[in-house]
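Peer 1: Structure supplied as structure.txt; contents: compact mmCIF, C-alpha atoms.
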```txt
# COMPACT_ATOMS: atom_id res chain seq x y z
CA MET G 17 14.03 -60.47 -32.02
CA ARG G 18 11.95 -58.48 -29.61
CA LEU G 19 14.91 -56.46 -28.48
CA LYS G 20 15.93 -55.64 -31.98
CA VAL G 21 12.94 -53.44 -32.81
CA PRO G 22 13.54 -50.80 -30.12
CA LEU G 23 17.24 -50.92 -30.87
CA VAL G 24 16.66 -50.20 -34.54
CA ILE G 25 14.26 -47.38 -33.63
CA PHE G 26 16.82 -45.94 -31.24
CA ILE G 27 19.61 -46.09 -33.81
CA LEU G 28 17.38 -44.52 -36.39
CA CYS G 29 16.46 -41.73 -33.98
CA PHE G 30 20.08 -41.13 -33.13
CA GLU G 31 20.98 -41.04 -36.78
CA THR G 32 18.29 -38.51 -37.52
CA PHE G 33 19.63 -36.57 -34.56
CA LEU G 34 23.10 -36.47 -36.00
CA PHE G 35 21.74 -35.84 -39.44
CA ALA G 36 19.69 -32.91 -38.12
CA ALA G 37 22.79 -31.47 -36.52
CA GLU G 38 24.64 -31.70 -39.78
CA ALA G 39 21.70 -30.26 -41.67
CA GLY G 40 21.66 -27.15 -39.57
CA MET G 41 20.59 -27.55 -35.96
CA PRO G 42 23.75 -26.84 -33.99
CA GLN G 43 21.78 -27.60 -30.81
CA LEU G 44 21.86 -31.29 -31.68
CA ASP G 45 25.60 -31.42 -32.21
CA PRO G 46 26.93 -33.10 -29.06
CA LYS G 47 30.42 -31.65 -29.46
CA TYR G 48 29.98 -28.97 -26.80
CA TRP G 49 27.27 -30.59 -24.67
CA PHE G 50 29.64 -31.37 -21.86
CA SER G 51 31.18 -27.94 -22.00
CA GLN G 52 27.75 -26.27 -21.89
CA THR G 53 26.62 -28.49 -19.03
CA PHE G 54 29.81 -27.84 -17.10
CA TRP G 55 29.66 -24.07 -17.50
CA LEU G 56 25.93 -23.95 -16.86
CA VAL G 57 26.28 -25.87 -13.60
CA LEU G 58 29.27 -23.81 -12.51
CA ILE G 59 27.78 -20.42 -13.34
CA PHE G 60 24.34 -21.31 -12.02
CA LEU G 61 25.80 -22.59 -8.78
CA ILE G 62 27.86 -19.44 -8.25
CA LEU G 63 24.85 -17.29 -9.14
CA TYR G 64 22.63 -19.26 -6.78
CA LEU G 65 25.09 -18.97 -3.92
CA SER G 66 25.68 -15.25 -4.38
CA LEU G 67 21.96 -14.55 -4.70
CA SER G 68 20.87 -16.66 -1.77
CA LYS G 69 23.68 -15.55 0.54
CA PHE G 70 24.00 -11.93 -0.43
CA PHE G 71 21.44 -10.28 -2.68
CA ILE G 72 18.17 -11.86 -1.63
CA PRO G 73 18.68 -11.20 2.13
CA LYS G 74 19.57 -7.63 1.28
CA ILE G 75 16.41 -7.07 -0.73
CA LYS G 76 14.40 -8.81 1.96
CA ASP G 77 15.94 -6.53 4.59
CA ASN G 78 15.07 -3.53 2.47
CA LEU G 79 11.48 -4.63 2.12
CA ASP G 80 11.14 -5.51 5.80
CA ASP G 81 12.67 -2.21 6.82
CA ARG G 82 10.25 -0.33 4.65
CA GLU G 83 7.29 -2.23 5.97
CA LYS G 84 8.45 -1.68 9.54
CA LYS G 85 9.03 2.01 9.00
CA ILE G 86 5.69 2.50 7.30
CA LYS G 87 3.97 0.67 10.11
CA GLU G 88 5.80 2.78 12.67
CA ASN G 89 4.84 5.96 10.87
CA LEU G 90 1.25 4.85 10.65
CA ASP G 91 1.19 4.02 14.34
CA GLU G 92 2.71 7.38 15.14
CA ALA G 93 0.18 9.15 12.95
CA LYS G 94 -2.62 7.28 14.66
CA GLU G 95 -1.24 8.24 18.05
CA PHE G 96 -0.98 11.87 17.01
CA SER G 97 -4.49 11.94 15.62
CA GLU G 98 -5.78 10.43 18.85
CA LEU G 99 -3.91 13.06 20.80
CA ALA G 100 -5.33 15.78 18.55
CA GLU G 101 -8.81 14.43 19.08
CA LYS G 102 -8.28 14.44 22.83
CA LYS G 103 -7.01 18.01 22.72
CA ARG G 104 -9.98 19.03 20.62
CA LEU G 105 -12.38 17.51 23.16
CA GLU G 106 -10.54 19.26 25.96
CA TYR G 107 -10.73 22.52 24.10
CA GLU G 108 -14.43 22.16 23.43
CA ASN G 109 -15.04 21.20 27.02
CA GLU G 110 -13.20 24.28 28.17
CA ILE G 111 -15.14 26.48 25.80
CA SER G 112 -18.49 25.12 26.98
CA ASN G 113 -17.42 25.49 30.61
CA THR G 114 -16.40 29.05 30.00
CA LYS G 115 -19.67 29.76 28.27
CA LYS G 116 -21.57 28.38 31.26
CA GLU G 117 -19.51 30.49 33.60
CA VAL G 118 -20.08 33.58 31.52
CA ILE G 119 -23.81 33.02 31.58
CA LYS G 120 -23.67 32.49 35.33
CA ILE G 121 -21.70 35.69 35.82
CA ILE G 122 -24.07 37.64 33.60
CA THR G 123 -27.18 36.41 35.41
CA GLU G 124 -25.56 36.99 38.78
CA SER G 125 -24.61 40.54 37.99
CA LYS G 126 -28.00 41.18 36.45
CA ARG G 127 -29.67 40.02 39.63
CA GLN G 128 -27.32 42.10 41.70
CA ILE G 129 -28.04 45.15 39.64
CA ASP G 130 -31.77 44.54 39.76
CA LYS G 131 -31.61 44.11 43.50
CA ASN G 132 -29.61 47.27 43.84
CA ILE G 133 -31.97 49.22 41.67
CA ASN G 134 -35.00 47.94 43.56
CA GLN G 135 -33.48 48.75 46.89
CA LYS G 136 -32.57 52.24 45.79
CA LYS G 137 -36.02 52.71 44.35
CA ASP G 138 -37.61 51.58 47.60
CA ASN G 139 -35.41 53.82 49.64
CA PHE G 140 -36.15 56.71 47.40
CA GLU G 141 -39.86 56.09 47.58
CA LYS G 142 -39.78 55.80 51.34
CA GLU G 143 -37.88 59.04 51.61
CA LEU G 144 -40.23 60.70 49.23
CA GLU G 145 -43.19 59.54 51.27
CA LYS G 146 -41.58 60.78 54.42
CA GLU G 147 -40.90 64.11 52.80
CA VAL G 148 -44.44 64.32 51.53
CA ASN G 149 -45.83 63.39 54.90
CA LYS G 150 -43.69 65.98 56.55
CA ALA G 151 -44.80 68.63 54.12
CA GLU G 152 -48.42 67.71 54.60
CA LYS G 153 -48.02 67.85 58.34
CA GLU G 154 -46.39 71.21 58.04
CA ILE G 155 -49.20 72.42 55.90
CA ILE G 156 -51.73 71.16 58.40
CA ASP G 157 -49.79 72.75 61.22
CA LEU G 158 -49.56 75.91 59.28
CA LYS G 159 -53.27 75.76 58.68
CA LYS G 160 -53.93 75.27 62.35
CA ASN G 161 -51.49 77.95 63.37
CA SER G 162 -52.75 80.33 60.82
CA SER G 163 -56.37 79.84 61.96
CA SER G 164 -55.52 80.51 65.57
CA SER G 165 -53.38 83.51 64.69
CA ILE G 166 -56.14 84.71 62.33
CA ASN G 167 -58.57 84.38 65.24
CA LEU G 168 -56.24 86.41 67.42
CA ILE G 169 -55.79 89.03 64.71
CA ALA G 170 -59.55 89.05 64.16
CA GLU G 171 -60.15 89.49 67.92
CA GLU G 172 -57.73 92.35 68.15
CA ILE G 173 -59.08 94.00 65.04
CA SER G 174 -62.67 93.55 66.23
CA ALA G 175 -61.83 94.96 69.68
CA LYS G 176 -60.09 97.95 68.09
CA VAL G 177 -62.91 98.52 65.64
CA ILE G 178 -65.53 98.34 68.36
CA GLU G 179 -63.53 100.70 70.60
CA ASN G 180 -63.11 103.17 67.84
CA LEU G 181 -66.74 103.05 66.84
CA THR G 182 -68.35 102.96 70.24
CA GLY G 183 -65.64 104.27 72.49
CA GLU G 184 -66.12 101.66 74.99
CA LYS G 185 -64.26 98.64 75.77
CA LEU G 186 -65.89 95.26 75.50
CA ASN G 187 -64.44 92.48 77.50
CA ASN G 188 -62.15 90.25 75.59
CA SER G 189 -63.90 86.98 76.36
CA SER G 190 -67.14 87.98 74.60
CA ILE G 191 -65.24 89.12 71.51
CA LYS G 192 -63.23 85.98 71.52
CA ALA G 193 -66.35 83.89 71.72
CA SER G 194 -68.04 85.63 68.85
CA VAL G 195 -64.90 85.48 66.69
CA GLU G 196 -64.54 81.84 67.37
CA GLU G 197 -68.12 81.29 66.40
CA VAL G 198 -67.65 83.13 63.15
CA SER G 199 -64.36 81.40 62.41
CA LYS G 200 -65.90 78.05 63.13
CA ASN G 201 -68.65 78.71 60.65
CA LYS G 202 -66.69 80.48 57.97
CA MET G 203 -63.15 79.18 58.35
CA GLU G 204 -63.75 76.28 56.07
CA LYS G 205 -65.01 78.63 53.45
CA TYR G 206 -61.68 80.47 53.26
CA LEU G 207 -59.11 77.98 54.02
CA MET Z 131 26.75 -18.17 -44.12
CA ALA Z 132 24.96 -15.25 -42.55
CA ALA Z 133 21.83 -16.08 -44.51
CA ASN Z 134 21.51 -19.39 -42.70
CA PRO Z 135 18.98 -18.75 -39.91
CA MET Z 136 20.48 -21.52 -37.80
CA HIS Z 137 23.93 -20.05 -37.83
CA GLN Z 138 23.13 -17.93 -34.78
CA PHE Z 139 22.92 -21.09 -32.68
CA GLN Z 140 26.43 -22.20 -33.55
CA VAL Z 141 28.62 -22.84 -30.54
CA TYR Z 142 32.32 -22.14 -30.89
CA LYS Z 143 35.07 -22.06 -28.39
CA ILE Z 144 36.68 -18.89 -27.11
CA GLY Z 145 40.22 -18.97 -25.87
CA PRO Z 146 42.25 -22.07 -25.14
CA GLU Z 147 40.93 -25.59 -25.26
CA ILE Z 148 40.19 -27.01 -21.82
CA LYS Z 149 40.15 -30.78 -21.70
CA LEU Z 150 39.40 -33.09 -18.82
CA GLY Z 151 40.54 -36.42 -20.05
CA ASP Z 152 38.59 -36.96 -23.22
CA ILE Z 153 35.89 -34.48 -22.34
CA ASP Z 154 36.00 -31.04 -23.94
CA LEU Z 155 35.16 -28.33 -21.41
CA SER Z 156 36.31 -25.35 -23.41
CA PHE Z 157 34.94 -21.90 -22.72
CA THR Z 158 32.50 -21.18 -25.53
CA ASN Z 159 30.29 -18.32 -26.64
CA ALA Z 160 27.45 -20.07 -24.80
CA SER Z 161 29.48 -19.98 -21.58
CA LEU Z 162 30.27 -16.34 -22.26
CA PHE Z 163 26.62 -15.42 -22.48
CA MET Z 164 25.76 -17.47 -19.40
CA LEU Z 165 28.43 -15.54 -17.58
CA LEU Z 166 27.11 -12.25 -18.98
CA SER Z 167 23.59 -13.08 -17.81
CA ALA Z 168 24.80 -14.02 -14.36
CA LEU Z 169 26.90 -10.87 -14.13
CA SER Z 170 23.99 -8.71 -15.27
CA ILE Z 171 21.77 -10.27 -12.63
CA CYS Z 172 24.40 -9.59 -9.97
CA LEU Z 173 24.93 -6.02 -11.14
CA PHE Z 174 21.21 -5.37 -11.36
CA LEU Z 175 20.57 -6.76 -7.91
CA TYR Z 176 23.62 -4.99 -6.51
CA PHE Z 177 22.46 -1.59 -7.69
CA GLY Z 178 18.88 -2.54 -6.89
CA SER Z 179 19.67 -3.17 -3.24
CA LYS Z 180 22.53 -0.74 -2.64
CA GLN Z 181 20.50 2.17 -1.36
CA LYS Z 182 18.00 1.56 1.36
CA ASN Z 183 15.47 4.15 0.41
CA ILE Z 184 11.99 4.24 1.79
CA ILE Z 185 10.82 5.52 -1.56
CA PRO Z 186 12.75 3.27 -3.95
CA GLY Z 187 14.65 4.41 -7.01
CA ARG Z 188 14.03 2.82 -10.39
CA LEU Z 189 16.43 -0.11 -10.09
CA GLN Z 190 15.47 -0.73 -6.49
CA LEU Z 191 11.82 -0.68 -7.46
CA ILE Z 192 12.35 -3.20 -10.26
CA ALA Z 193 14.46 -5.48 -8.05
CA GLU Z 194 11.83 -5.42 -5.32
CA LEU Z 195 9.13 -5.93 -7.92
CA PHE Z 196 10.84 -9.10 -9.11
CA TYR Z 197 11.32 -10.25 -5.53
CA ASN Z 198 7.67 -9.74 -4.66
CA PHE Z 199 6.56 -11.24 -7.96
CA ILE Z 200 8.44 -14.49 -7.35
CA ALA Z 201 7.51 -14.57 -3.68
CA LYS Z 202 3.83 -14.20 -4.53
CA MET Z 203 4.09 -16.81 -7.28
CA ILE Z 204 5.63 -19.34 -4.91
CA SER Z 205 3.16 -18.72 -2.11
CA ASP Z 206 0.24 -18.88 -4.54
CA THR Z 207 1.24 -22.13 -6.20
CA ALA Z 208 3.23 -24.05 -3.62
CA GLY Z 209 2.19 -22.51 -0.31
CA SER Z 210 4.29 -21.55 2.66
CA LYS Z 211 6.17 -24.86 2.75
CA ALA Z 212 8.05 -23.84 -0.39
CA LYS Z 213 9.66 -20.82 1.25
CA PRO Z 214 13.11 -22.43 1.64
CA TYR Z 215 13.22 -22.93 -2.13
CA PHE Z 216 12.62 -19.27 -2.84
CA PRO Z 217 16.30 -18.46 -3.60
CA PHE Z 218 16.53 -21.31 -6.08
CA ILE Z 219 13.36 -20.37 -7.95
CA PHE Z 220 14.30 -16.70 -7.89
CA THR Z 221 17.73 -17.55 -9.33
CA LEU Z 222 16.18 -19.85 -11.90
CA PHE Z 223 13.66 -17.25 -13.02
CA MET Z 224 16.23 -14.46 -13.19
CA PHE Z 225 18.74 -16.63 -15.03
CA VAL Z 226 16.27 -17.85 -17.65
CA LEU Z 227 14.81 -14.37 -18.03
CA LEU Z 228 18.17 -12.69 -18.47
CA CYS Z 229 19.40 -15.40 -20.87
CA ASN Z 230 16.27 -14.93 -22.95
CA MET Z 231 16.48 -11.15 -22.83
CA ILE Z 232 20.15 -10.93 -23.63
CA GLY Z 233 19.45 -13.29 -26.51
CA MET Z 234 17.15 -10.62 -27.93
CA LEU Z 235 20.09 -8.30 -28.52
CA PRO Z 236 21.34 -8.43 -32.09
CA TYR Z 237 24.48 -10.53 -32.69
CA SER Z 238 24.16 -12.08 -29.26
CA PHE Z 239 23.75 -15.73 -28.38
CA THR Z 240 20.68 -17.24 -26.73
CA VAL Z 241 21.77 -19.70 -24.10
CA THR Z 242 18.27 -21.07 -23.57
CA SER Z 243 17.87 -21.91 -27.26
CA HIS Z 244 20.04 -24.96 -26.67
CA ILE Z 245 18.25 -28.13 -25.69
CA ILE Z 246 21.15 -29.33 -23.59
CA VAL Z 247 21.00 -26.26 -21.35
CA THR Z 248 17.28 -26.41 -20.77
CA LEU Z 249 17.39 -30.18 -20.40
CA VAL Z 250 20.05 -29.98 -17.71
CA MET Z 251 17.99 -27.45 -15.78
CA ALA Z 252 14.78 -29.43 -16.24
CA LEU Z 253 16.44 -32.70 -15.25
CA PHE Z 254 17.92 -31.10 -12.18
CA ILE Z 255 14.51 -29.78 -11.18
CA PHE Z 256 12.86 -33.13 -11.93
CA ILE Z 257 15.38 -35.14 -9.92
CA ALA Z 258 15.43 -32.64 -7.07
CA VAL Z 259 11.65 -32.52 -6.84
CA THR Z 260 11.45 -36.31 -6.87
CA ILE Z 261 14.05 -36.56 -4.12
CA ILE Z 262 12.24 -33.90 -2.07
CA GLY Z 263 9.00 -35.79 -2.52
CA PHE Z 264 10.53 -39.05 -1.30
CA ILE Z 265 12.24 -37.34 1.62
CA LYS Z 266 9.03 -35.62 2.74
CA HIS Z 267 6.61 -38.49 2.21
CA GLY Z 268 8.67 -41.66 1.85
CA PHE Z 269 7.04 -44.28 -0.30
CA LYS Z 270 3.71 -42.58 0.13
CA TYR Z 271 4.98 -40.19 -2.52
CA LEU Z 272 4.19 -42.89 -5.07
CA SER Z 273 0.51 -42.22 -4.40
CA ILE Z 274 0.96 -39.23 -6.69
CA PHE Z 275 0.46 -41.73 -9.51
CA VAL Z 276 -2.85 -42.98 -8.12
CA PRO Z 277 -5.41 -40.19 -8.23
CA LYS Z 278 -8.31 -40.33 -5.84
CA GLY Z 279 -11.89 -40.80 -6.96
CA VAL Z 280 -11.06 -42.81 -10.06
CA PRO Z 281 -13.11 -45.93 -10.83
CA VAL Z 282 -11.17 -49.11 -10.09
CA VAL Z 283 -11.57 -50.30 -13.68
CA LEU Z 284 -9.75 -47.27 -14.99
CA LEU Z 285 -7.11 -47.24 -12.28
CA PRO Z 286 -4.36 -49.20 -14.08
CA LEU Z 287 -4.73 -47.07 -17.19
CA ILE Z 288 -4.78 -43.81 -15.23
CA THR Z 289 -1.74 -44.87 -13.23
CA ILE Z 290 0.22 -45.62 -16.37
CA ILE Z 291 -0.80 -42.27 -17.84
CA GLU Z 292 0.18 -40.52 -14.62
CA ILE Z 293 3.59 -42.20 -14.60
CA ILE Z 294 4.20 -41.27 -18.22
CA SER Z 295 3.12 -37.68 -17.62
CA TYR Z 296 5.36 -37.50 -14.55
CA LEU Z 297 8.34 -38.87 -16.42
CA SER Z 298 7.77 -36.57 -19.38
CA ARG Z 299 7.91 -33.49 -17.15
CA PRO Z 300 11.61 -32.75 -17.74
CA VAL Z 301 11.19 -33.26 -21.47
CA SER Z 302 8.17 -30.99 -21.76
CA LEU Z 303 9.75 -28.40 -19.49
CA SER Z 304 13.00 -28.28 -21.42
CA VAL Z 305 11.58 -28.61 -24.92
CA ARG Z 306 9.00 -25.88 -24.27
CA LEU Z 307 11.66 -23.31 -23.44
CA PHE Z 308 14.16 -24.49 -26.03
CA ALA Z 309 11.63 -24.70 -28.88
CA ASN Z 310 10.12 -21.33 -28.08
CA MET Z 311 13.46 -19.59 -28.04
CA MET Z 312 14.79 -21.35 -31.12
CA ALA Z 313 11.63 -20.83 -33.16
CA GLY Z 314 11.39 -17.18 -32.25
CA HIS Z 315 15.00 -16.41 -33.07
CA THR Z 316 14.88 -18.39 -36.29
CA MET Z 317 11.81 -16.51 -37.38
CA LEU Z 318 13.42 -13.19 -36.55
CA LYS Z 319 16.46 -14.17 -38.56
CA VAL Z 320 14.38 -15.31 -41.53
CA PHE Z 321 12.39 -12.09 -41.63
CA GLY Z 322 15.59 -10.12 -41.14
CA SER Z 323 17.18 -11.78 -44.17
CA PHE Z 324 14.02 -11.10 -46.19
CA VAL Z 325 14.48 -7.40 -45.50
CA ILE Z 326 17.95 -7.53 -47.03
CA SER Z 327 17.03 -9.70 -50.00
CA LEU Z 328 13.93 -7.69 -50.93
CA GLY Z 329 15.82 -4.42 -50.67
CA LEU Z 330 14.44 -0.91 -50.46
CA LEU Z 331 11.36 -1.61 -52.53
CA GLY Z 332 9.91 -4.68 -50.89
CA GLY Z 333 11.80 -4.82 -47.63
CA TRP Z 334 9.33 -2.77 -45.66
CA LEU Z 335 6.82 -5.51 -45.14
CA PRO Z 336 9.23 -8.03 -43.57
CA LEU Z 337 10.78 -5.17 -41.63
CA SER Z 338 7.46 -4.32 -40.04
CA PHE Z 339 6.97 -8.01 -39.33
CA SER Z 340 10.39 -8.09 -37.81
CA VAL Z 341 9.57 -5.17 -35.52
CA ALA Z 342 6.31 -6.79 -34.44
CA LEU Z 343 8.06 -10.12 -33.92
CA THR Z 344 10.69 -8.46 -31.77
CA GLY Z 345 7.96 -7.20 -29.47
CA LEU Z 346 6.38 -10.62 -29.42
CA GLU Z 347 9.70 -12.28 -28.74
CA ILE Z 348 10.36 -10.02 -25.77
CA LEU Z 349 6.98 -11.03 -24.44
CA VAL Z 350 7.78 -14.69 -25.09
CA ALA Z 351 11.16 -14.30 -23.41
CA PHE Z 352 9.46 -13.07 -20.26
CA LEU Z 353 6.60 -15.51 -20.52
CA GLN Z 354 8.80 -18.55 -20.96
CA ALA Z 355 10.92 -17.61 -17.97
CA TYR Z 356 7.71 -17.20 -16.00
CA VAL Z 357 6.32 -20.51 -17.23
CA PHE Z 358 9.57 -22.27 -16.43
CA ALA Z 359 9.53 -20.89 -12.89
CA ILE Z 360 5.85 -21.48 -12.25
CA LEU Z 361 6.01 -25.08 -13.51
CA THR Z 362 8.91 -25.63 -11.15
CA CYS Z 363 6.70 -24.28 -8.38
CA ILE Z 364 3.87 -26.59 -9.37
CA TYR Z 365 6.15 -29.63 -9.40
CA LEU Z 366 7.48 -28.55 -6.04
CA ASN Z 367 3.93 -28.18 -4.78
CA ASP Z 368 3.20 -31.78 -5.84
CA ALA Z 369 6.22 -32.93 -3.89
CA LEU Z 370 5.57 -30.81 -0.78
CA ASN Z 371 1.82 -31.05 -0.45
CA LEU Z 372 0.74 -34.53 -1.44
CA HIS Z 373 -2.88 -33.79 -2.24
CA HIS Z 374 -3.94 -36.81 -4.23
```
Represent the structure contained in this file as structure tokens.
Peer 2:
Amino acid sequence: MRLKVPLVIFILCFETFLFAAEAGMPQLDPKYWFSQTFWLVLIFLILYLSLSKFFIPKIKDNLDDREKKIKENLDEAKEFSELAEKKRLEYENEISNTKKEVIKIITESKRQIDKNINQKKDNFEKELEKEVNKAEKEIIDLKKNSSSSINLIAEEISAKVIENLTGEKLNNSSIKASVEEVSKNKMEKYL
Amino acid sequence: MAANPMHQFQVYKIGPEIKLGDIDLSFTNASLFMLLSALSICLFLYFGSKQKNIIPGRLQLIAELFYNFIAKMISDTAGSKAKPYFPFIFTLFMFVLLCNMIGMLPYSFTVTSHIIVTLVMALFIFIAVTIIGFIKHGFKYLSIFVPKGVPVVLLPLITIIEIISYLSRPVSLSVRLFANMMAGHTMLKVFGSFVISLGLLGGWLPLSFSVALTGLEILVAFLQAYVFAILTCIYLNDALNLHH
């Protein structure tokens, strides 16, 4: 009795199943169930095998290749940028070194020129001084010479004038003495 | 006959009758469309992987998109242990998707709108997952029916519920796909026949419905394939990573 209830329910269900198929649900018609199962399993199996053995590894290879290549390119780009940075630093270093050198050269040559100019100036001044000294000495000499020669001329002129006026000769030493006296007193007034 | 919205699901044999004993294994229109789907997948993947371009072409891009999509889905739901099952889930997803999509073409046949087809796939998945679970965990796999942190009083009830829910997996999986596809195509057919019967004057409204439904059905076709695949992943995850 207990077994009968599920059995009746099952039969009823199956009947409604068949009835539904007749009423218009071809899905519930078991006529081609085996055929559909058979073809599904066959086609799915072939599809699975061809995909897993052939197509999926190919796509995977493609993707891996791309990833690898992109990574390589990125690495290369990084390397190049590092190299560029290094070159830039080198370049800047060189420029700053050159600038330092230029400044050094400029200061060096400036000092050299200054030194040269100073030396030449000194030399020139020394020469000038020497020249001036020489000229002064000459003038002094000339002064001295001229005073003695003036004395001589004055002595001779005085002797001649006295002779002509008096007709007698005075001795030279007395004339000389008087001229010298006069020249001593008055020389500074004229020269 | 054409007005009957269920007529599109009729299976009929093409070519000679093939019989194995008493069992009829004839090539039918359903088999034809299965074959067409499989061939389209192969062609698509063939042209999608033929050229090895760094910057992919359209087909290559779509093929790789599908590949990455499934790979990400598997790793998200089932983790790295599920990697060996990637080809199966990829094939399953592509097959269901293409069957659904080809079914959207007018005058074509929707393979997945037949309960027997979806049931066979779901049963295969169910049995395979169960076997995998027992192979990986032995009898400890039965602990999937005994959730942790449940009060002892409720345990018998919860265990029964868990067992029922586990056993109903193939049914829910197959009926979900089958019912979605059948309902959608029936509705399309009904609205399509309204367009004809209402004629030029009144046919515009069902026609616009039909257009909108077509868009929806394409979405459903993709979504159901996705759901089918992701549920497979989740079942696989239960079998691989016993987390209860």
Peer 1: Residues of chain Z were defined as contacting chain G if any atom lay at most 9 Å from it, counting all atoms listed in the file; please report them as number ranges by chain.
Peer 2: Z: 134-143, 153-158, 160-161, 164-165, 168-169, 171-172, 175-176, 178-185, 190, 193-194, 197, 216-218, 220-222, 225, 243-247, 250-251
Peer 1: Could you state the separation of CA of Leu318 in chain Z and CA of Ser340 in chain Z in Å, given to one decimal place?
Peer 2: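 Pair CA of Leu318 in chain Z / CA of Ser340 in chain Z returns 6.1 Å.
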Peer 1: Which of these, G:Asp91, G:Val148, G:Glu171, G:Ser164, has the shortest distance to Ser189 in chain G once you count all atoms listed in the file?
Peer 2: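 Looking only at the distances to Ser189 in chain G, the closest residue turns out to be G:Glu171.
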Peer 1: Would you compute the distance between CA of Phe223 in chain Z and CA of Phe358 in chain Z? Give it in Å to one decimal.
Peer 2: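 Pair CA of Phe223 in chain Z / CA of Phe358 in chain Z returns 7.3 Å.
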Peer 1: For range 332-338 of chain Z, find every residue with an atom within 9 Å (counting all atoms listed in the file), except residues of its own chain fewer than 6 positions away, and show them as a VMD selection string.
Peer 2: chain Z and resid 321 to 326
Peer 1: Work out how far CA of Pro146 in chain Z is from CA of Leu249 in chain Z, in Å to one decimal.
Peer 2: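 The value is 26.6 Å.
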Peer 1: Pick out the residues sitting within 9 Å of range 191-198 of chain G, and hand them over as a ChimeraX atom specification; count all atoms listed in the file, and ignore anything fewer than 2 positions along from it in its own chain.
Peer 2: /G:167-168,170-172,174-175,186-189,200-203
